[in-house]
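The file protein.cif contains mmCIF, C-alpha atoms:
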```
data_start
#
loop_
_atom_site.label_atom_id
_atom_site.label_comp_id
_atom_site.auth_asym_id
_atom_site.auth_seq_id
_atom_site.Cartn_x
_atom_site.Cartn_y
_atom_site.Cartn_z
CA MET A 7 -8.25 25.94 12.96
CA ASN A 8 -7.28 24.96 9.43
CA VAL A 9 -6.16 21.43 8.71
CA THR A 10 -4.38 20.42 5.53
CA VAL A 11 -5.60 17.11 4.15
CA LEU A 12 -3.51 15.17 1.64
CA LEU A 13 -5.20 13.33 -1.23
CA PHE A 14 -3.75 10.65 -3.46
CA ALA A 15 -4.41 8.65 -6.60
CA SER A 16 -8.12 8.27 -7.45
CA TYR A 17 -9.14 10.53 -4.54
CA ALA A 18 -6.89 13.35 -5.78
CA ASP A 19 -8.44 12.94 -9.23
CA ALA A 20 -11.95 13.02 -7.74
CA LEU A 21 -11.40 16.31 -5.91
CA GLY A 22 -9.05 17.77 -8.51
CA ALA A 23 -6.36 18.51 -5.93
CA SER A 24 -3.54 16.75 -4.10
CA SER A 25 -4.38 18.60 -0.88
CA VAL A 26 -7.19 20.68 0.55
CA GLU A 27 -7.46 23.06 3.53
CA LEU A 28 -10.42 22.40 5.79
CA PRO A 29 -11.61 24.84 8.46
CA LEU A 30 -12.40 22.81 11.58
CA ALA A 31 -13.34 23.59 15.14
CA PRO A 32 -10.68 23.00 17.79
CA GLY A 33 -10.99 19.44 19.11
CA ALA A 34 -12.22 18.13 15.76
CA THR A 35 -11.89 14.41 15.21
CA VAL A 36 -10.90 12.38 12.17
CA ARG A 37 -14.62 11.76 11.66
CA ASP A 38 -15.15 15.54 11.46
CA VAL A 39 -12.41 15.75 8.83
CA VAL A 40 -14.13 13.09 6.74
CA THR A 41 -17.50 14.83 7.14
CA ALA A 42 -16.06 18.19 6.07
CA LEU A 43 -14.27 16.60 3.14
CA GLY A 44 -17.55 15.04 2.05
CA GLN A 45 -19.01 18.52 1.45
CA LEU A 46 -16.47 19.35 -1.27
CA PRO A 47 -17.30 19.08 -4.98
CA GLY A 48 -16.16 15.70 -6.28
CA ALA A 49 -16.27 14.06 -2.85
CA GLU A 50 -19.33 12.10 -3.89
CA ARG A 51 -16.90 9.89 -5.80
CA LEU A 52 -15.20 8.87 -2.54
CA PRO A 53 -16.50 6.06 -0.33
CA PRO A 54 -18.45 7.30 2.72
CA SER A 55 -15.80 6.07 5.16
CA PRO A 56 -12.36 6.21 3.59
CA LEU A 57 -9.21 5.19 5.42
CA VAL A 58 -7.41 8.07 7.10
CA ALA A 59 -3.84 8.41 8.28
CA VAL A 60 -2.67 11.01 10.78
CA ASN A 61 1.06 11.72 10.84
CA GLU A 62 1.66 8.70 8.57
CA VAL A 63 -0.18 6.20 10.80
CA TYR A 64 -3.64 4.70 10.10
CA ALA A 65 -6.01 6.50 12.42
CA SER A 66 -9.27 5.79 14.20
CA TYR A 67 -12.22 8.04 13.38
CA ASP A 68 -12.43 8.95 17.07
CA GLY A 69 -8.92 10.39 17.18
CA VAL A 70 -8.57 14.13 17.73
CA VAL A 71 -6.79 16.16 15.05
CA ASP A 72 -4.39 18.83 16.23
CA PRO A 73 -3.28 21.86 14.21
CA GLY A 74 -0.12 20.89 12.37
CA ASP A 75 -1.04 17.21 12.09
CA GLU A 76 -0.50 15.70 8.68
CA VAL A 77 -3.86 14.20 7.72
CA ALA A 78 -4.13 11.98 4.64
CA ILE A 79 -7.06 10.20 3.04
CA ILE A 80 -5.86 6.79 1.84
CA PRO A 81 -7.46 5.18 -1.22
CA PRO A 82 -7.52 1.37 -1.40
CA VAL A 83 -3.83 0.43 -1.57
CA ALA A 84 -2.55 -1.50 -4.57
CA GLY A 85 1.18 -2.00 -4.16
CA GLY A 86 3.16 -4.97 -5.38
CA MET B 16 17.20 -5.81 7.28
CA ARG B 17 16.38 -3.05 4.80
CA ALA B 18 13.33 -1.58 3.10
CA ASP B 19 13.32 1.15 0.49
CA ILE B 20 11.07 2.88 -2.01
CA VAL B 21 13.03 3.66 -5.17
CA GLU B 22 12.52 5.35 -8.53
CA ARG B 23 15.03 3.30 -10.52
CA PRO B 24 14.95 -0.20 -12.00
CA LEU B 25 15.21 -2.94 -9.39
CA ASP B 26 18.15 -5.35 -9.31
CA PRO B 27 16.76 -8.54 -7.73
CA ALA B 28 20.13 -10.32 -7.96
CA ALA B 29 21.66 -7.58 -5.83
CA LEU B 30 18.99 -8.13 -3.16
CA LEU B 31 19.71 -11.85 -3.17
CA ALA B 32 23.41 -11.12 -2.72
CA GLU B 33 22.59 -8.69 0.09
CA VAL B 34 20.87 -11.36 2.21
CA ALA B 35 23.53 -14.01 1.59
CA SER B 36 24.96 -15.39 4.82
CA GLN B 37 26.97 -18.45 5.73
CA ALA B 38 24.50 -19.02 8.54
CA SER B 39 21.68 -19.36 6.00
CA GLY B 40 20.80 -22.63 4.31
CA ALA B 41 18.00 -21.11 2.26
CA SER B 42 17.57 -17.94 0.26
CA VAL B 43 14.25 -16.86 -1.25
CA LEU B 44 13.72 -14.16 -3.86
CA PHE B 45 10.25 -12.85 -4.76
CA VAL B 46 9.90 -10.53 -7.73
CA GLY B 47 6.60 -8.88 -8.65
CA THR B 48 6.40 -7.84 -12.31
CA VAL B 49 4.00 -5.96 -14.56
CA ARG B 50 1.63 -8.44 -16.17
CA GLU B 51 0.17 -8.07 -19.66
CA VAL B 52 -3.43 -8.79 -18.66
CA ASN B 53 -5.48 -7.73 -15.63
CA GLU B 54 -9.17 -8.51 -15.18
CA GLY B 55 -9.30 -9.53 -18.82
CA ARG B 56 -7.94 -6.22 -20.14
CA ALA B 57 -4.72 -5.88 -22.12
CA VAL B 58 -2.27 -3.85 -20.02
CA THR B 59 0.63 -1.93 -21.57
CA GLY B 60 2.16 -0.40 -18.45
CA ILE B 61 1.55 0.78 -14.89
CA ASP B 62 2.18 4.08 -13.08
CA TYR B 63 3.12 3.46 -9.45
CA SER B 64 2.75 6.30 -6.95
CA ALA B 65 2.85 6.48 -3.17
CA TYR B 66 2.36 8.50 -0.03
CA ALA B 67 6.12 8.43 0.14
CA GLY B 68 6.79 9.02 3.82
CA MET B 69 4.11 6.68 5.10
CA ALA B 70 4.89 4.02 2.48
CA LEU B 71 8.50 3.90 3.60
CA ARG B 72 7.47 3.84 7.24
CA GLU B 73 5.05 0.93 6.66
CA LEU B 74 7.49 -1.00 4.49
CA ARG B 75 10.23 -0.70 7.10
CA SER B 76 7.81 -1.76 9.77
CA ILE B 77 6.84 -4.86 7.75
CA ALA B 78 10.48 -5.82 7.17
CA GLY B 79 11.11 -5.46 10.88
CA GLU B 80 8.07 -7.55 11.74
CA ALA B 81 9.20 -10.27 9.33
CA ALA B 82 12.70 -10.27 10.80
CA ALA B 83 11.33 -10.58 14.34
CA ARG B 84 8.61 -13.09 13.55
CA PHE B 85 10.75 -15.44 11.46
CA GLU B 86 13.96 -14.83 13.40
CA THR B 87 16.32 -13.71 10.68
CA PRO B 88 17.96 -10.33 10.17
CA HIS B 89 18.31 -11.10 6.45
CA VAL B 90 15.18 -9.45 5.05
CA VAL B 91 15.41 -6.91 2.22
CA VAL B 92 12.57 -5.34 0.25
CA GLU B 93 12.46 -2.66 -2.44
CA HIS B 94 9.39 -1.22 -4.17
CA ARG B 95 9.74 0.85 -7.31
CA LEU B 96 7.67 3.92 -8.22
CA GLY B 97 7.18 5.57 -11.60
CA THR B 98 5.99 4.25 -14.95
CA LEU B 99 6.86 0.61 -15.59
CA GLY B 100 6.53 -1.40 -18.77
CA LEU B 101 5.46 -5.01 -19.17
CA GLY B 102 7.75 -7.47 -17.41
CA GLU B 103 9.49 -4.81 -15.34
CA ALA B 104 9.89 -5.52 -11.65
CA SER B 105 7.81 -3.38 -9.31
CA VAL B 106 8.79 -5.12 -6.09
CA ALA B 107 11.61 -7.41 -5.00
CA ILE B 108 11.92 -9.22 -1.67
CA ALA B 109 14.88 -11.32 -0.59
CA VAL B 110 15.11 -13.37 2.60
CA SER B 111 17.68 -15.81 3.85
CA HIS B 112 17.33 -18.07 6.85
CA PRO B 113 18.98 -21.20 8.23
CA ARG B 114 15.88 -23.20 7.17
CA ARG B 115 13.82 -23.11 3.96
CA ALA B 116 10.30 -23.03 5.40
CA PRO B 117 10.69 -19.82 7.43
CA ALA B 118 12.63 -18.26 4.56
CA MET B 119 9.67 -18.81 2.24
CA ASP B 120 7.12 -17.86 4.88
CA ALA B 121 8.94 -14.60 5.61
CA ALA B 122 9.01 -13.60 1.93
CA ARG B 123 5.30 -14.42 1.64
CA PHE B 124 4.56 -12.42 4.79
CA VAL B 125 6.31 -9.35 3.40
CA ILE B 126 4.45 -9.33 0.07
CA GLU B 127 1.04 -10.00 1.63
CA GLU B 128 1.46 -7.28 4.27
CA LEU B 129 2.82 -4.89 1.65
CA LYS B 130 -0.31 -5.39 -0.46
CA ARG B 131 -2.51 -4.89 2.55
CA ARG B 132 -0.94 -1.89 4.28
CA VAL B 133 1.58 0.09 2.26
CA PRO B 134 0.05 3.23 0.68
CA ILE B 135 1.12 2.63 -2.90
CA TRP B 136 -1.26 2.96 -5.83
CA LYS B 137 -1.15 1.85 -9.42
CA ARG B 138 -2.79 3.25 -12.50
CA GLU B 139 -2.88 0.78 -15.34
CA HIS B 140 -2.46 1.80 -18.96
CA TYR B 141 -4.57 -0.28 -21.32
CA ALA B 142 -4.07 -1.18 -24.95
CA ASP B 143 -7.12 0.91 -25.87
CA GLY B 144 -5.38 4.06 -24.58
CA THR B 145 -7.36 4.44 -21.36
CA ARG B 146 -5.91 4.54 -17.84
CA GLU B 147 -7.50 3.51 -14.58
CA TRP B 148 -6.57 3.37 -10.92
CA VAL B 149 -6.52 -0.19 -9.64
CA ASP B 150 -8.92 -0.77 -6.75
CA PRO B 151 -8.40 -4.20 -5.19
CA THR B 152 -11.57 -3.66 -3.14
CA ALA B 153 -13.79 -2.98 -6.17
CA GLY B 154 -16.79 -5.25 -6.25
CA VAL B 155 -16.37 -6.09 -2.59
CA ALA B 156 -19.12 -4.94 -0.22
CA GLY B 157 -18.10 -1.90 1.79
CA ARG B 158 -15.30 -0.98 -0.58
CA GLY B 159 -12.92 1.66 0.53
CA THR B 160 -13.02 0.89 4.22
CA ARG B 161 -10.73 -1.59 5.78
CA GLY B 162 -9.03 -2.50 8.97
CA GLU B 163 -5.55 -1.47 9.86
CA GLY B 164 -2.85 -3.99 10.42
CA SER B 165 -3.74 -7.14 12.25
CA ALA B 166 -5.24 -5.29 15.17
CA ALA B 167 -8.58 -3.57 15.54
CA PRO B 168 -10.08 -2.20 12.34
CA VAL B 169 -10.14 1.57 12.04
CA GLY B 170 -12.65 3.91 10.56
CA GLU B 171 -16.39 3.97 10.51
CA ALA B 172 -18.09 0.77 9.50
CA ALA B 173 -14.67 -0.75 9.22
CA ARG B 174 -14.71 -4.30 8.07
CA PRO B 175 -12.07 -6.94 7.59
CA MET B 176 -11.23 -5.97 4.05
CA SER B 177 -7.92 -7.61 4.70
CA ARG B 178 -9.75 -10.87 4.06
CA ALA B 179 -10.79 -9.74 0.63
CA SER B 180 -7.42 -8.35 -0.28
CA ARG B 181 -5.72 -11.46 1.03
CA ALA B 182 -7.97 -13.64 -1.06
CA GLU B 183 -7.18 -11.51 -4.05
CA ALA B 184 -3.47 -11.60 -3.31
CA GLY B 185 -3.72 -15.33 -2.76
CA LEU B 186 -5.26 -15.79 -6.16
CA ARG B 187 -2.47 -13.90 -7.79
CA THR B 188 0.30 -15.69 -5.96
CA ALA B 189 -1.24 -19.14 -5.70
CA PRO B 190 1.34 -21.80 -6.53
#
```
Turn the structure described in the file into structure tokens.
Amino acid sequence: MNVTVLLFASYADALGASSVELPLAPGATVRDVVTALGQLPGAERLPPSPLVAVNEVYASYDGVVDPGDEVAIIPPVAGG
Amino acid sequence: MRADIVERPLDPAALLAEVASQASGASVLFVGTVREVNEGRAVTGIDYSAYAGMALRELRSIAGEAAARFETPHVVVEHRLGTLGLGEASVAIAVSHPRRAPAMDAARFVIEELKRRVPIWKREHYADGTREWVDPTAGVAGRGTRGEGSAAPVGEAARPMSRASRAEAGLRTAP
């Protein structure tokens, strides 16, 4: 299955894109998404274990990603 | 209770008016503004961007938590996105309550949680023409990973970065 991963701010700059498509096996977890992302050029500028949100909620690395989920990698937040 | 992400100038006085209530004996207004110096560098402006849907969801959740925790429905928060100049307001929070202490505590709660959880980012413009994303976790061990909310941390090697960001926020807002 393909999962679309949203990137923001410094992470979007690092990978040169605001979203990427990752081919993942069915049953893949958030950890698998982070591992696959880490193989992309520019990903070496990301921390090894970035925050991830699935469907707009902070997610555990053990959570399973379903096709159609909105997965986002969240850089350190800096609002206010 | 209301929380919004906007792309227009904020009107803090309007937020104060919005929380006004004859049942309230105290009204508190917090306004966060663009500061001319950060980490010793001269700042000329800040770009604010967000993961819009999640930012609104988190901000509304925080306003609701403040209303429940401090027992007042009169909690309003707006955060602005876009490019802001020096002195412009990026965030405004208004709370009213029958008593002053919970009014102030609720406003403080909203800004601290906002800084900890809401996916908003800022890129500072410096006087020397450069621009950089602000990373409140920079220089802190294990940067980039942090716990979610007040509950169990999430992610691999998650650590209570909230402590670091709270300390940082505390420095900025210390009386």
**Prompt:** Between B:Glu33, B:Glu139, B:Glu86, B:Glu73, which has the minimum distance to Ala109 of chain B (counting only C-alpha atoms)?
**Reply:**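 Among the listed residues, the smallest separation from Ala109 of chain B belongs to B:Glu33.
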**Message:** Can you spell out as a VMD selection string the set of residues that the PyMOL selection byres ((chain A and resi 73) around 8) selects in the structure I just provided?
**Reply:** chain A and resid 7 to 9 71 to 72 74 to 75
**Item:** Residue list for chain A near chain B as a ChimeraX atom specification, 9 Å, all atoms listed in the file
**Value:** /A:14-16,36-37,52-59,61-68,78,80-86
**Prompt:** Within 12 Å of (18.0, -17.3, 0.0), all atoms listed in the file: residues as a ChimeraX atom specification?
**Reply:** /B:27-45,87,89-91,108-122
Generate the output file for the selected residues, C-alpha atoms, as a PDB file, keeping the file's coordinate frame.
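This went into result_38.pdb:
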```pdb
ATOM      1  CA  PRO B  27      16.760  -8.540  -7.730  1.00  0.00           C
ATOM      2  CA  ALA B  28      20.130 -10.320  -7.960  1.00  0.00           C
ATOM      3  CA  ALA B  29      21.660  -7.580  -5.830  1.00  0.00           C
ATOM      4  CA  LEU B  30      18.990  -8.130  -3.160  1.00  0.00           C
ATOM      5  CA  LEU B  31      19.710 -11.850  -3.170  1.00  0.00           C
ATOM      6  CA  ALA B  32      23.410 -11.120  -2.720  1.00  0.00           C
ATOM      7  CA  GLU B  33      22.590  -8.690   0.090  1.00  0.00           C
ATOM      8  CA  VAL B  34      20.870 -11.360   2.210  1.00  0.00           C
ATOM      9  CA  ALA B  35      23.530 -14.010   1.590  1.00  0.00           C
ATOM     10  CA  SER B  36      24.960 -15.390   4.820  1.00  0.00           C
ATOM     11  CA  GLN B  37      26.970 -18.450   5.730  1.00  0.00           C
ATOM     12  CA  ALA B  38      24.500 -19.020   8.540  1.00  0.00           C
ATOM     13  CA  SER B  39      21.680 -19.360   6.000  1.00  0.00           C
ATOM     14  CA  GLY B  40      20.800 -22.630   4.310  1.00  0.00           C
ATOM     15  CA  ALA B  41      18.000 -21.110   2.260  1.00  0.00           C
ATOM     16  CA  SER B  42      17.570 -17.940   0.260  1.00  0.00           C
ATOM     17  CA  VAL B  43      14.250 -16.860  -1.250  1.00  0.00           C
ATOM     18  CA  LEU B  44      13.720 -14.160  -3.860  1.00  0.00           C
ATOM     19  CA  PHE B  45      10.250 -12.850  -4.760  1.00  0.00           C
ATOM     20  CA  THR B  87      16.320 -13.710  10.680  1.00  0.00           C
ATOM     21  CA  HIS B  89      18.310 -11.100   6.450  1.00  0.00           C
ATOM     22  CA  VAL B  90      15.180  -9.450   5.050  1.00  0.00           C
ATOM     23  CA  VAL B  91      15.410  -6.910   2.220  1.00  0.00           C
ATOM     24  CA  ILE B 108      11.920  -9.220  -1.670  1.00  0.00           C
ATOM     25  CA  ALA B 109      14.880 -11.320  -0.590  1.00  0.00           C
ATOM     26  CA  VAL B 110      15.110 -13.370   2.600  1.00  0.00           C
ATOM     27  CA  SER B 111      17.680 -15.810   3.850  1.00  0.00           C
ATOM     28  CA  HIS B 112      17.330 -18.070   6.850  1.00  0.00           C
ATOM     29  CA  PRO B 113      18.980 -21.200   8.230  1.00  0.00           C
ATOM     30  CA  ARG B 114      15.880 -23.200   7.170  1.00  0.00           C
ATOM     31  CA  ARG B 115      13.820 -23.110   3.960  1.00  0.00           C
ATOM     32  CA  ALA B 116      10.300 -23.030   5.400  1.00  0.00           C
ATOM     33  CA  PRO B 117      10.690 -19.820   7.430  1.00  0.00           C
ATOM     34  CA  ALA B 118      12.630 -18.260   4.560  1.00  0.00           C
ATOM     35  CA  MET B 119       9.670 -18.810   2.240  1.00  0.00           C
ATOM     36  CA  ASP B 120       7.120 -17.860   4.880  1.00  0.00           C
ATOM     37  CA  ALA B 121       8.940 -14.600   5.610  1.00  0.00           C
ATOM     38  CA  ALA B 122       9.010 -13.600   1.930  1.00  0.00           C
TER      39      ALA B 122
END
```
**Message:** Env of Arg146 of chain B: 12 Å cut, atoms = only C-alpha atoms, seq-sep filter 4 positions within chain, self excluded. Answer as a PyMOL selection string.
**Reply:** (chain A and resi 16) or (chain B and resi 56-62+137-142)
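Atom CA of Leu25 of chain B to atom CA of Gly97 of chain B spans 11.9 Å [interatomic distance, one decimal].
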**Prompt:** Residues at most 8 Å from Leu12 of chain A, counting only C-alpha atoms, excluding those fewer than 5 positions away in the same chain, as a ChimeraX atom specification?
**Reply:** /A:24-26,76-79
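Atom CA of Leu74 of chain B is positioned 27.0 Å from atom CA of Thr35 of chain A.
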**Item:** Pairwise distance for atom CA of Ala81 of chain B and atom CA of Val125 of chain B, rounded to one decimal in Å
**Value:** 6.7 Å
Quick one: residues within 10 Å of segment 47-50 of chain A, all atoms listed in the file, excluding same-chain residues fewer than 2 positions away - as an mmCIF file with C-alpha atoms, in the coordinates of the input?
```cif
data_model
loop_
_atom_site.group_PDB
_atom_site.id
_atom_site.type_symbol
_atom_site.label_atom_id
_atom_site.label_comp_id
_atom_site.auth_asym_id
_atom_site.auth_seq_id
_atom_site.Cartn_x
_atom_site.Cartn_y
_atom_site.Cartn_z
ATOM 1 C CA TYR A 17 -9.140 10.530 -4.540
ATOM 2 C CA ALA A 18 -6.890 13.350 -5.780
ATOM 3 C CA ASP A 19 -8.440 12.940 -9.230
ATOM 4 C CA ALA A 20 -11.950 13.020 -7.740
ATOM 5 C CA LEU A 21 -11.400 16.310 -5.910
ATOM 6 C CA GLY A 22 -9.050 17.770 -8.510
ATOM 7 C CA VAL A 40 -14.130 13.090 6.740
ATOM 8 C CA ALA A 42 -16.060 18.190 6.070
ATOM 9 C CA LEU A 43 -14.270 16.600 3.140
ATOM 10 C CA GLY A 44 -17.550 15.040 2.050
ATOM 11 C CA GLN A 45 -19.010 18.520 1.450
ATOM 12 C CA LEU A 52 -15.200 8.870 -2.540
ATOM 13 C CA PRO A 53 -16.500 6.060 -0.330
ATOM 14 C CA PRO A 54 -18.450 7.300 2.720
#
```
Atoms are missing here; could segment 60-84 of chain A be completed with N, CA, C and O atoms and written as an mmCIF file, in the coordinates of the input?
```cif
data_model
loop_
_atom_site.group_PDB
_atom_site.id
_atom_site.type_symbol
_atom_site.label_atom_id
_atom_site.label_comp_id
_atom_site.auth_asym_id
_atom_site.auth_seq_id
_atom_site.Cartn_x
_atom_site.Cartn_y
_atom_site.Cartn_z
ATOM 1 N N VAL A 60 -3.099 9.776 10.136
ATOM 2 C CA VAL A 60 -2.670 11.010 10.780
ATOM 3 C C VAL A 60 -1.195 10.845 11.134
ATOM 4 O O VAL A 60 -0.801 9.870 11.779
ATOM 5 N N ASN A 61 -0.384 11.785 10.641
ATOM 6 C CA ASN A 61 1.060 11.720 10.840
ATOM 7 C C ASN A 61 1.621 10.366 10.405
ATOM 8 O O ASN A 61 2.422 9.737 11.115
ATOM 9 N N GLU A 62 1.142 9.901 9.239
ATOM 10 C CA GLU A 62 1.660 8.700 8.570
ATOM 11 C C GLU A 62 1.304 7.396 9.274
ATOM 12 O O GLU A 62 1.944 6.377 9.057
ATOM 13 N N VAL A 63 0.274 7.419 10.136
ATOM 14 C CA VAL A 63 -0.180 6.200 10.800
ATOM 15 C C VAL A 63 -1.696 6.093 10.610
ATOM 16 O O VAL A 63 -2.413 7.075 10.799
ATOM 17 N N TYR A 64 -2.190 4.886 10.237
ATOM 18 C CA TYR A 64 -3.640 4.700 10.100
ATOM 19 C C TYR A 64 -4.324 5.103 11.395
ATOM 20 O O TYR A 64 -3.893 4.738 12.488
ATOM 21 N N ALA A 65 -5.399 5.878 11.248
ATOM 22 C CA ALA A 65 -6.010 6.500 12.420
ATOM 23 C C ALA A 65 -7.453 6.069 12.613
ATOM 24 O O ALA A 65 -8.177 5.812 11.655
ATOM 25 N N SER A 66 -7.871 6.032 13.854
ATOM 26 C CA SER A 66 -9.270 5.790 14.200
ATOM 27 C C SER A 66 -10.080 7.055 13.962
ATOM 28 O O SER A 66 -9.567 8.175 14.115
ATOM 29 N N TYR A 67 -11.358 6.883 13.614
ATOM 30 C CA TYR A 67 -12.220 8.040 13.380
ATOM 31 C C TYR A 67 -12.456 8.847 14.658
ATOM 32 O O TYR A 67 -12.873 9.999 14.594
ATOM 33 N N ASP A 68 -12.209 8.248 15.813
ATOM 34 C CA ASP A 68 -12.430 8.950 17.070
ATOM 35 C C ASP A 68 -11.238 9.810 17.497
ATOM 36 O O ASP A 68 -11.324 10.572 18.445
ATOM 37 N N GLY A 69 -10.120 9.647 16.792
ATOM 38 C CA GLY A 69 -8.920 10.390 17.180
ATOM 39 C C GLY A 69 -9.080 11.879 16.951
ATOM 40 O O GLY A 69 -9.721 12.306 15.992
ATOM 41 N N VAL A 70 -8.495 12.673 17.841
ATOM 42 C CA VAL A 70 -8.570 14.130 17.730
ATOM 43 C C VAL A 70 -7.432 14.620 16.833
ATOM 44 O O VAL A 70 -6.311 14.126 16.902
ATOM 45 N N VAL A 71 -7.776 15.586 15.974
ATOM 46 C CA VAL A 71 -6.790 16.160 15.050
ATOM 47 C C VAL A 71 -6.284 17.474 15.631
ATOM 48 O O VAL A 71 -7.075 18.341 15.988
ATOM 49 N N ASP A 72 -4.984 17.601 15.723
ATOM 50 C CA ASP A 72 -4.390 18.830 16.230
ATOM 51 C C ASP A 72 -3.886 19.673 15.060
ATOM 52 O O ASP A 72 -3.539 19.139 14.006
ATOM 53 N N PRO A 73 -3.846 21.004 15.261
ATOM 54 C CA PRO A 73 -3.280 21.860 14.210
ATOM 55 C C PRO A 73 -1.843 21.398 13.941
ATOM 56 O O PRO A 73 -1.116 21.073 14.873
ATOM 57 N N GLY A 74 -1.479 21.324 12.687
ATOM 58 C CA GLY A 74 -0.120 20.890 12.370
ATOM 59 C C GLY A 74 -0.008 19.399 12.096
ATOM 60 O O GLY A 74 1.011 18.944 11.599
ATOM 61 N N ASP A 75 -1.052 18.635 12.441
ATOM 62 C CA ASP A 75 -1.040 17.210 12.090
ATOM 63 C C ASP A 75 -1.077 17.064 10.569
ATOM 64 O O ASP A 75 -1.702 17.866 9.876
ATOM 65 N N GLU A 76 -0.422 16.012 10.104
ATOM 66 C CA GLU A 76 -0.500 15.700 8.680
ATOM 67 C C GLU A 76 -1.595 14.655 8.489
ATOM 68 O O GLU A 76 -1.449 13.504 8.882
ATOM 69 N N VAL A 77 -2.717 15.090 7.914
ATOM 70 C CA VAL A 77 -3.860 14.200 7.720
ATOM 71 C C VAL A 77 -3.904 13.774 6.250
ATOM 72 O O VAL A 77 -3.756 14.610 5.358
ATOM 73 N N ALA A 78 -4.078 12.481 6.012
ATOM 74 C CA ALA A 78 -4.130 11.980 4.640
ATOM 75 C C ALA A 78 -5.293 11.020 4.487
ATOM 76 O O ALA A 78 -5.566 10.217 5.378
ATOM 77 N N ILE A 79 -5.979 11.135 3.361
ATOM 78 C CA ILE A 79 -7.060 10.200 3.040
ATOM 79 C C ILE A 79 -6.455 9.145 2.120
ATOM 80 O O ILE A 79 -5.850 9.474 1.094
ATOM 81 N N ILE A 80 -6.600 7.873 2.501
ATOM 82 C CA ILE A 80 -5.860 6.790 1.840
ATOM 83 C C ILE A 80 -6.800 5.946 0.970
ATOM 84 O O ILE A 80 -7.625 5.199 1.496
ATOM 85 N N PRO A 81 -6.667 6.052 -0.347
ATOM 86 C CA PRO A 81 -7.460 5.180 -1.220
ATOM 87 C C PRO A 81 -7.054 3.713 -1.025
ATOM 88 O O PRO A 81 -6.009 3.449 -0.433
ATOM 89 N N PRO A 82 -7.878 2.782 -1.511
ATOM 90 C CA PRO A 82 -7.520 1.370 -1.400
ATOM 91 C C PRO A 82 -6.105 1.146 -1.954
ATOM 92 O O PRO A 82 -5.823 1.547 -3.086
ATOM 93 N N VAL A 83 -5.230 0.551 -1.153
ATOM 94 C CA VAL A 83 -3.830 0.430 -1.570
ATOM 95 C C VAL A 83 -3.686 -0.690 -2.597
ATOM 96 O O VAL A 83 -4.452 -1.660 -2.602
ATOM 97 N N ALA A 84 -2.693 -0.545 -3.463
ATOM 98 C CA ALA A 84 -2.550 -1.500 -4.570
ATOM 99 C C ALA A 84 -1.076 -1.704 -4.927
ATOM 100 O O ALA A 84 -0.703 -1.758 -6.096
#
```
